[in-house]
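Structure data follow from model-v8.pdb (PDB, C-alpha atoms):
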ATOM      1  CA  ASP A   1     146.421 -79.217  92.706
ATOM      2  CA  SER A   2     145.728 -76.438  90.215
ATOM      3  CA  THR A   3     145.588 -78.935  87.331
ATOM      4  CA  VAL A   4     142.334 -80.454  88.643
ATOM      5  CA  PRO A   5     139.314 -78.927  86.829
ATOM      6  CA  GLU A   6     137.077 -76.928  89.165
ATOM      7  CA  ALA A   7     134.015 -78.967  88.135
ATOM      8  CA  HIS A   8     135.769 -82.156  89.230
ATOM      9  CA  ARG A   9     136.789 -80.563  92.510
ATOM     10  CA  LEU A  10     133.228 -79.459  93.265
ATOM     11  CA  ALA A  11     131.877 -82.914  92.398
ATOM     12  CA  GLY A  12     134.287 -84.571  94.807
ATOM     13  CA  LEU A  13     136.305 -86.097  91.980
ATOM     14  CA  GLU A  14     139.608 -84.543  92.953
ATOM     15  CA  PRO A  15     142.269 -87.292  92.816
ATOM     16  CA  LYS A  16     143.879 -88.274  96.107
ATOM     17  CA  TYR A  17     147.365 -89.633  96.562
ATOM     18  CA  VAL A  18     147.524 -93.277  97.618
ATOM     19  CA  TRP A  19     151.303 -93.758  97.516
ATOM     20  CA  THR A  20     154.177 -91.435  96.694
ATOM     21  CA  SER A  21     157.895 -92.094  96.311
ATOM     22  CA  GLN A  22     158.476 -90.620  99.758
ATOM     23  CA  ASP A  23     155.785 -92.786 101.387
ATOM     24  CA  SER A  24     157.196 -95.951  99.810
ATOM     25  CA  ALA A  25     160.775 -95.529 101.057
ATOM     26  CA  VAL A  26     162.031 -98.460 103.148
ATOM     27  CA  GLY A  27     165.372 -99.687 104.450
ATOM     28  CA  VAL A  28     168.467 -97.958 105.782
ATOM     29  CA  PRO A  29     169.374 -95.841 103.939
ATOM     30  CA  ALA A  30     165.785 -95.392 102.780
ATOM     31  CA  SER A  31     165.112 -96.447  99.191
ATOM     32  CA  ALA A  32     161.903 -95.493  97.371
ATOM     33  CA  GLN A  33     159.984 -98.457  95.978
ATOM     34  CA  LEU A  34     157.807 -96.251  93.744
ATOM     35  CA  THR A  35     159.808 -94.909  90.799
ATOM     36  CA  SER A  36     158.102 -93.904  87.543
ATOM     37  CA  PRO A  37     155.284 -96.488  87.792
ATOM     38  CA  ALA A  38     154.400 -97.806  84.350
ATOM     39  CA  ALA A  39     151.858-100.537  85.155
ATOM     40  CA  LEU A  40     149.163-100.769  87.807
ATOM     41  CA  GLY A  41     146.790-103.381  89.197
ATOM     42  CA  VAL A  42     144.463-103.652  92.183
ATOM     43  CA  ASP A  43     142.522-106.329  94.032
ATOM     44  CA  SER A  44     140.306-106.224  97.124
ATOM     45  CA  LEU A  45     143.276-105.912  99.488
ATOM     46  CA  ASN A  46     146.233-104.430  97.679
ATOM     47  CA  ILE A  47     147.531-102.189  94.945
ATOM     48  CA  PHE A  48     150.320-103.451  92.689
ATOM     49  CA  TRP A  49     152.678-101.468  90.523
ATOM     50  CA  GLY A  50     155.546-102.120  88.149
ATOM     51  CA  ASN A  51     158.260 -99.488  88.059
ATOM     52  CA  GLY A  52     159.143 -98.090  84.663
ATOM     53  CA  ALA A  53     162.596 -97.058  85.835
ATOM     54  CA  ARG A  54     164.827 -97.733  88.800
ATOM     55  CA  SER A  55     168.102 -96.241  89.934
ATOM     56  CA  GLY A  56     169.912 -99.441  90.932
ATOM     57  CA  SER A  57     169.773-103.221  90.626
ATOM     58  CA  GLY A  58     168.665-103.526  94.253
ATOM     59  CA  ASP A  59     165.608-101.354  93.763
ATOM     60  CA  ALA A  60     162.141-102.738  93.229
ATOM     61  CA  SER A  61     160.779-103.821  89.856
ATOM     62  CA  LEU A  62     157.381-104.994  91.121
ATOM     63  CA  VAL A  63     155.643-103.962  94.350
ATOM     64  CA  ARG A  64     152.562-104.967  96.348
ATOM     65  CA  ALA A  65     151.231-102.405  98.833
ATOM     66  CA  SER A  66     148.226-101.790 101.012
ATOM     67  CA  ARG A  67     145.572 -99.601  99.441
ATOM     68  CA  LYS A  68     146.277 -96.890 102.013
ATOM     69  CA  ALA A  69     149.803 -95.680 102.752
ATOM     70  CA  GLU A  70     151.059 -95.681 106.352
ATOM     71  CA  VAL A  71     153.982 -93.296 106.196
ATOM     72  CA  GLU A  72     155.564 -94.110 109.570
ATOM     73  CA  THR A  73     155.859 -97.832 108.878
ATOM     74  CA  ALA A  74     156.104 -98.129 105.106
ATOM     75  CA  GLU A  75     158.019-101.423 105.336
ATOM     76  CA  ASP A  76     154.952-103.021 106.944
ATOM     77  CA  TYR A  77     152.640-101.866 104.164
ATOM     78  CA  ASN A  78     154.562-102.362 100.921
ATOM     79  CA  TRP A  79     156.415-105.445  99.788
ATOM     80  CA  VAL A  80     158.825-105.905  96.894
ATOM     81  CA  LEU A  81     157.733-108.868  94.765
ATOM     82  CA  ALA A  82     160.561-108.745  92.213
ATOM     83  CA  ASN A  83     163.769-106.869  91.526
ATOM     84  CA  ASN A  84     164.967-108.585  88.351
ATOM     85  CA  VAL A  85     164.151-106.028  85.611
ATOM     86  CA  ASP A  86     164.786-102.333  85.075
ATOM     87  CA  ALA A  87     161.501-101.386  83.422
ATOM     88  CA  VAL A  88     158.151-103.157  83.763
ATOM     89  CA  ARG A  89     155.962-102.567  80.716
ATOM     90  CA  SER A  90     152.660-104.199  81.755
ATOM     91  CA  LEU A  91     151.149-106.444  84.409
ATOM     92  CA  SER A  92     148.096-108.637  84.916
ATOM     93  CA  LEU A  93     146.669-110.060  88.147
ATOM     94  CA  THR A  94     145.014-113.448  88.548
ATOM     95  CA  ALA A  95     143.491-114.832  91.730
ATOM     96  CA  ALA A  96     146.853-116.098  93.017
ATOM     97  CA  ASP A  97     149.617-114.682  90.834
ATOM     98  CA  ILE A  98     150.872-111.598  89.052
ATOM     99  CA  TYR A  99     152.344-111.637  85.559
ATOM    100  CA  TYR A 100     154.546-108.817  84.313
ATOM    101  CA  SER A 101     156.308-108.062  81.050
ATOM    102  CA  ALA A 102     159.690-106.429  80.638
ATOM    103  CA  GLY A 103     162.187-106.397  77.805
ATOM    104  CA  ASP A 104     161.535-109.481  75.677
ATOM    105  CA  SER A 105     160.073-111.641  78.463
ATOM    106  CA  VAL A 106     156.992-112.261  80.601
ATOM    107  CA  TYR A 107     157.563-113.248  84.231
ATOM    108  CA  GLY A 108     155.304-114.474  87.007
ATOM    109  CA  VAL A 109     155.374-114.487  90.814
ATOM    110  CA  PRO A 110     152.814-115.263  93.530
ATOM    111  CA  LYS A 111     150.863-112.185  94.642
ATOM    112  CA  ARG A 112     151.606-112.931  98.309
ATOM    113  CA  LYS A 113     155.339-113.372  97.767
ATOM    114  CA  THR A 114     157.374-111.506 100.402
ATOM    115  CA  ASN A 115     160.973-112.181  99.371
ATOM    116  CA  GLN A 116     162.208-109.635  96.838
ATOM    117  CA  MET A 117     165.219-111.672  95.714
ATOM    118  CA  CYS A 118     164.766-113.349  92.354
ATOM    119  CA  GLY A 119     167.930-115.445  92.703
ATOM    120  CA  ASP A 120     171.117-115.337  90.647
ATOM    121  CA  ALA A 121     169.473-117.325  87.843
ATOM    122  CA  GLY A 122     166.082-115.669  88.298
ATOM    123  CA  GLU A 123     164.544-118.918  89.520
ATOM    124  CA  ALA A 124     162.252-117.132  91.999
ATOM    125  CA  CYS A 125     160.916-114.825  89.254
ATOM    126  CA  ALA A 126     160.504-117.267  86.428
ATOM    127  CA  GLU A 127     159.872-116.544  82.764
ATOM    128  CA  VAL A 128     156.452-118.057  82.169
ATOM    129  CA  VAL A 129     155.777-117.555  78.463
ATOM    130  CA  HIS A 130     157.479-118.391  75.167
ATOM    131  CA  ARG A 131     156.359-117.966  71.592
ATOM    132  CA  GLU A 132     156.013-121.226  69.716
ATOM    133  CA  ASP A 133     158.459-120.066  67.038
ATOM    134  CA  GLY A 134     161.010-119.049  69.672
ATOM    135  CA  ALA A 135     161.006-115.423  68.510
ATOM    136  CA  ALA A 136     161.434-112.508  70.913
ATOM    137  CA  LEU A 137     158.428-111.172  72.811
ATOM    138  CA  ARG A 138     157.369-107.567  73.242
ATOM    139  CA  VAL A 139     154.217-107.626  75.342
ATOM    140  CA  SER A 140     152.757-104.162  75.870
ATOM    141  CA  SER A 141     149.482-105.061  77.628
ATOM    142  CA  MET A 142     147.805-108.087  79.256
ATOM    143  CA  VAL A 143     144.363-108.904  80.621
ATOM    144  CA  TRP A 144     143.108-111.930  82.584
ATOM    145  CA  ASP A 145     139.790-113.484  81.529
ATOM    146  CA  GLY A 146     138.842-114.375  85.118
ATOM    147  CA  ALA A 147     139.370-118.090  84.501
ATOM    148  CA  GLY A 148     142.525-119.701  83.107
ATOM    149  CA  THR A 149     143.715-117.490  80.262
ATOM    150  CA  ILE A 150     145.617-114.242  79.828
ATOM    151  CA  PHE A 151     145.301-112.304  76.566
ATOM    152  CA  ALA A 152     148.238-110.148  75.523
ATOM    153  CA  VAL A 153     149.152-107.579  72.902
ATOM    154  CA  GLU A 154     152.398-108.852  71.366
ATOM    155  CA  GLN A 155     153.926-106.006  69.389
ATOM    156  CA  GLU A 156     156.818-107.910  67.823
ATOM    157  CA  SER A 157     154.380-109.957  65.736
ATOM    158  CA  GLY A 158     151.581-107.350  65.693
ATOM    159  CA  SER A 159     149.037-109.741  67.165
ATOM    160  CA  ILE A 160     146.872-110.625  70.131
ATOM    161  CA  GLN A 161     148.090-113.800  71.811
ATOM    162  CA  ARG A 162     146.859-115.883  74.710
ATOM    163  CA  PHE A 163     148.453-118.238  77.219
ATOM    164  CA  ALA A 164     147.344-120.431  80.100
ATOM    165  CA  CYS A 165     147.819-118.943  83.550
ATOM    166  CA  GLY A 166     146.787-121.726  85.927
ATOM    167  CA  SER A 167     150.367-122.107  87.163
ATOM    168  CA  LEU A 168     153.729-120.373  86.992
ATOM    169  CA  SER A 169     155.265-123.070  84.816
ATOM    170  CA  THR A 170     156.305-122.169  81.273
ATOM    171  CA  HIS A 171     153.471-121.868  78.741
ATOM    172  CA  LEU A 172     153.427-121.354  74.993
ATOM    173  CA  MET A 173     151.685-118.339  73.526
ATOM    174  CA  GLU A 174     148.922-119.062  71.037
ATOM    175  CA  LYS A 175     148.009-116.519  68.401
ATOM    176  CA  VAL A 176     144.421-115.309  68.544
ATOM    177  CA  CYS A 177     144.347-112.783  65.728
ATOM    178  CA  ASP A 178     146.396-110.145  63.933
ATOM    179  CA  ALA A 179     146.408-106.726  65.573
ATOM    180  CA  PRO A 180     149.099-104.591  63.916
ATOM    181  CA  GLY A 181     149.712-101.342  65.763
ATOM    182  CA  ALA A 182     147.750-102.355  68.884
ATOM    183  CA  HIS A 183     149.317-101.368  72.183
ATOM    184  CA  SER A 184     146.768-102.052  74.958
ATOM    185  CA  ILE A 185     143.907-104.435  75.618
ATOM    186  CA  ALA A 186     140.785-104.774  77.792
ATOM    187  CA  LEU A 187     138.183-107.488  78.241
ATOM    188  CA  LEU A 188     134.468-106.670  78.344
ATOM    189  CA  ALA A 189     132.189-109.498  79.448
ATOM    190  CA  HIS A 190     128.805-109.815  77.697
ATOM    191  CA  SER A 191     127.627-113.097  79.226
ATOM    192  CA  SER A 192     128.974-116.319  80.705
ATOM    193  CA  THR A 193     129.896-117.526  77.211
ATOM    194  CA  SER A 194     130.712-114.356  75.329
ATOM    195  CA  SER A 195     133.022-111.406  75.853
ATOM    196  CA  ALA A 196     134.792-108.810  73.760
ATOM    197  CA  LEU A 197     138.463-107.953  73.527
ATOM    198  CA  MET A 198     139.071-104.251  73.009
ATOM    199  CA  ALA A 199     142.496-103.350  71.669
ATOM    200  CA  ALA A 200     143.719 -99.762  71.465
ATOM    201  CA  LYS A 201     145.480 -98.790  68.251
ATOM    202  CA  GLY A 202     146.698 -95.241  67.981
ATOM    203  CA  GLY A 203     143.682 -93.058  68.725
ATOM    204  CA  ALA A 204     141.101 -95.766  67.948
ATOM    205  CA  LEU A 205     139.667 -98.945  69.467
ATOM    206  CA  ALA A 206     139.405-102.231  67.597
ATOM    207  CA  CYS A 207     136.840-104.754  68.819
ATOM    208  CA  PHE A 208     137.132-108.544  68.726
ATOM    209  CA  CYS A 209     134.461-111.026  69.837
ATOM    210  CA  VAL A 210     135.377-113.997  72.008
ATOM    211  CA  VAL A 211     132.907-116.870  71.850
ATOM    212  CA  LEU A 212     133.758-120.149  73.589
ATOM    213  CA  SER A 213     137.425-119.120  73.681
ATOM    214  CA  ILE A 214     137.544-118.543  69.913
ATOM    215  CA  VAL A 215     138.212-114.984  68.799
ATOM    216  CA  LEU A 216     136.394-113.745  65.716
ATOM    217  CA  PRO A 217     136.586-110.234  64.201
ATOM    218  CA  MET A 218     133.374-108.267  64.608
ATOM    219  CA  PHE A 219     134.249-105.658  62.017
TER     220      PHE A 219
END

Spit out the file's structure as structure tokens when you get a sec.
Amino acid sequence: DSTVPEAHRLAGLEPKYVWTSQDSAVGVPASAQLTSPAALGVDSLNIFWGNGARSGSGDASLVRASRKAEVETAEDYNWVLANNVDAVRSLSLTAADIYYSAGDSVYGVPKRKTNQMCGDAGEACAEVVHREDGAALRVSSMVWDGAGTIFAVEQESGSIQRFACGSLSTHLMEKVCDAPGAHSIALLAHSSTSSALMAAKGGALACFCVVLSIVLPMF
């Protein structure tokens, strides 16, 4: 790839393809399960992606795949977890489940789910979060704290919110702090009792300190 800087190539940092649209095609006729990926996650066994666009209602919204593509038998190495939304905006993995946002909702499914069908009423790909005031959600980024909470950038209200993620039942979002203009979030652990939430806003990073699950502005 001519776009890779020569210094990176010499240092062995040249990116390598893990999955491509062609590799991910399954079924007869073959249908690609990788289409404009917009969200990505990884654990020790698998890579997960949410498609930012899909060509038909039967195509994948959310996919789990092995961390190495096996082109000849793609159907044995990638599994559709959900097919209920046209454009996934963000996703977050926990130990057992995967949460993904699309439109004005946040959904959740088990990571080891193998049946792509969400059901006519979406019961197999449930909405798992609601705002307390009932207003619409627009979650652009989520991060799991490694325990029982997911933090999210909620753009409709311009704030960072959090919700419990111990199960796939419906949970209420709880406002943590105002974050107007934020669009992505990361969690940096300092110790067993303290960590920092980093939220991206335009070309800058805003830092928030989490102490005993209470978020306080650092500056």

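Every protein or nucleic acid residue with an atom no more than 8 Å from Asp86 (chain A), counting only C-alpha atoms and leaving out same-chain residues fewer than 2 positions away, appears here: Asn51, Gly52, Ala53, Arg54, Ser57, Ser61, Asn83, Asn84, Val88 and Ala102 of chain A.
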
Generate a file of the selected residues that holds C-alpha atoms, formatted as a PDB file, keeping the file's coordinate frame.
ATOM      1  CA  ASN A  51     158.260 -99.488  88.059  1.00  0.00           C
ATOM      2  CA  GLY A  52     159.143 -98.090  84.663  1.00  0.00           C
ATOM      3  CA  ALA A  53     162.596 -97.058  85.835  1.00  0.00           C
ATOM      4  CA  ARG A  54     164.827 -97.733  88.800  1.00  0.00           C
ATOM      5  CA  SER A  57     169.773-103.221  90.626  1.00  0.00           C
ATOM      6  CA  SER A  61     160.779-103.821  89.856  1.00  0.00           C
ATOM      7  CA  ASN A  83     163.769-106.869  91.526  1.00  0.00           C
ATOM      8  CA  ASN A  84     164.967-108.585  88.351  1.00  0.00           C
ATOM      9  CA  VAL A  88     158.151-103.157  83.763  1.00  0.00           C
ATOM     10  CA  ALA A 102     159.690-106.429  80.638  1.00  0.00           C
TER      11      ALA A 102
END

To one decimal in Å, tell me the separation between CA of Ala147 (chain A) and CA of Val129 (chain A). 17.5 Å

Given the file shown, determine the residues that the PyMOL selection byres ((chain A and resi 140) around 6) selects; report them as JSON, numbers by chain. {"A": [90, 139, 141, 153, 183]}

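You can rank A:Met117, A:Asp97, A:Gly146, A:Ser167 by their closest distance to Ala60 (chain A) using all atoms listed in the file, and at the top of that list sits A:Met117.
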
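The closest residue to Gly158 (chain A), picked from A:Ser66, A:Ser184, A:Thr170, A:Ser92 and counting all atoms listed in the file, is A:Ser184.
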
Run the PyMOL selection byres ((chain A and resi 163) around 8) on the file and write out the hits as an MDAnalysis selection string. chainID A and resid 129 149:151 161:162 164:165 171:174

Would you work out the distance separating CA of Asn78 (chain A) from CA of Gln33 (chain A), expressed in Å to one decimal? 8.3 Å

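Distance-wise, CA of Ala82 (chain A) and CA of Val176 (chain A) end up 29.4 Å apart.
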
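Considering the residues A:Val42, A:Ala96, A:Leu91, A:Thr114 and counting only C-alpha atoms, Ile185 (chain A) has its shortest atom-to-atom contact with A:Leu91.
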
Can you pull out the residues contacting Lys113 (chain A)? Cut-off 12 Å, using only C-alpha atoms, and skip same-chain residues under 6 positions away; I want them as a list in words. Leu62, Val63, Arg64, Ala65, Asn78, Trp79, Val80, Leu81, Ala82, Ala96, Asp97, Ile98, Ala124 and Cys125 of chain A

Can you tell me, as lines of an AutoDock Vina configuration file, the centre and edge lengths (Å, one decimal) of the axis-aligned box enclosing all of region 169-186 of chain A's listed atoms after padding each side by 8 Å?
center_x = 148.5
center_y = -112.2
center_z = 74.4
size_x = 31.5
size_y = 37.7
size_z = 36.9

Need to verify the contact set: Ser157 (chain A), 10 Å, only C-alpha atoms, exclusion of same-chain residues closer than 3 positions in sequence. Can you return it as a ChimeraX atom specification? /A:135-139,153-154,160-161,175,178-181
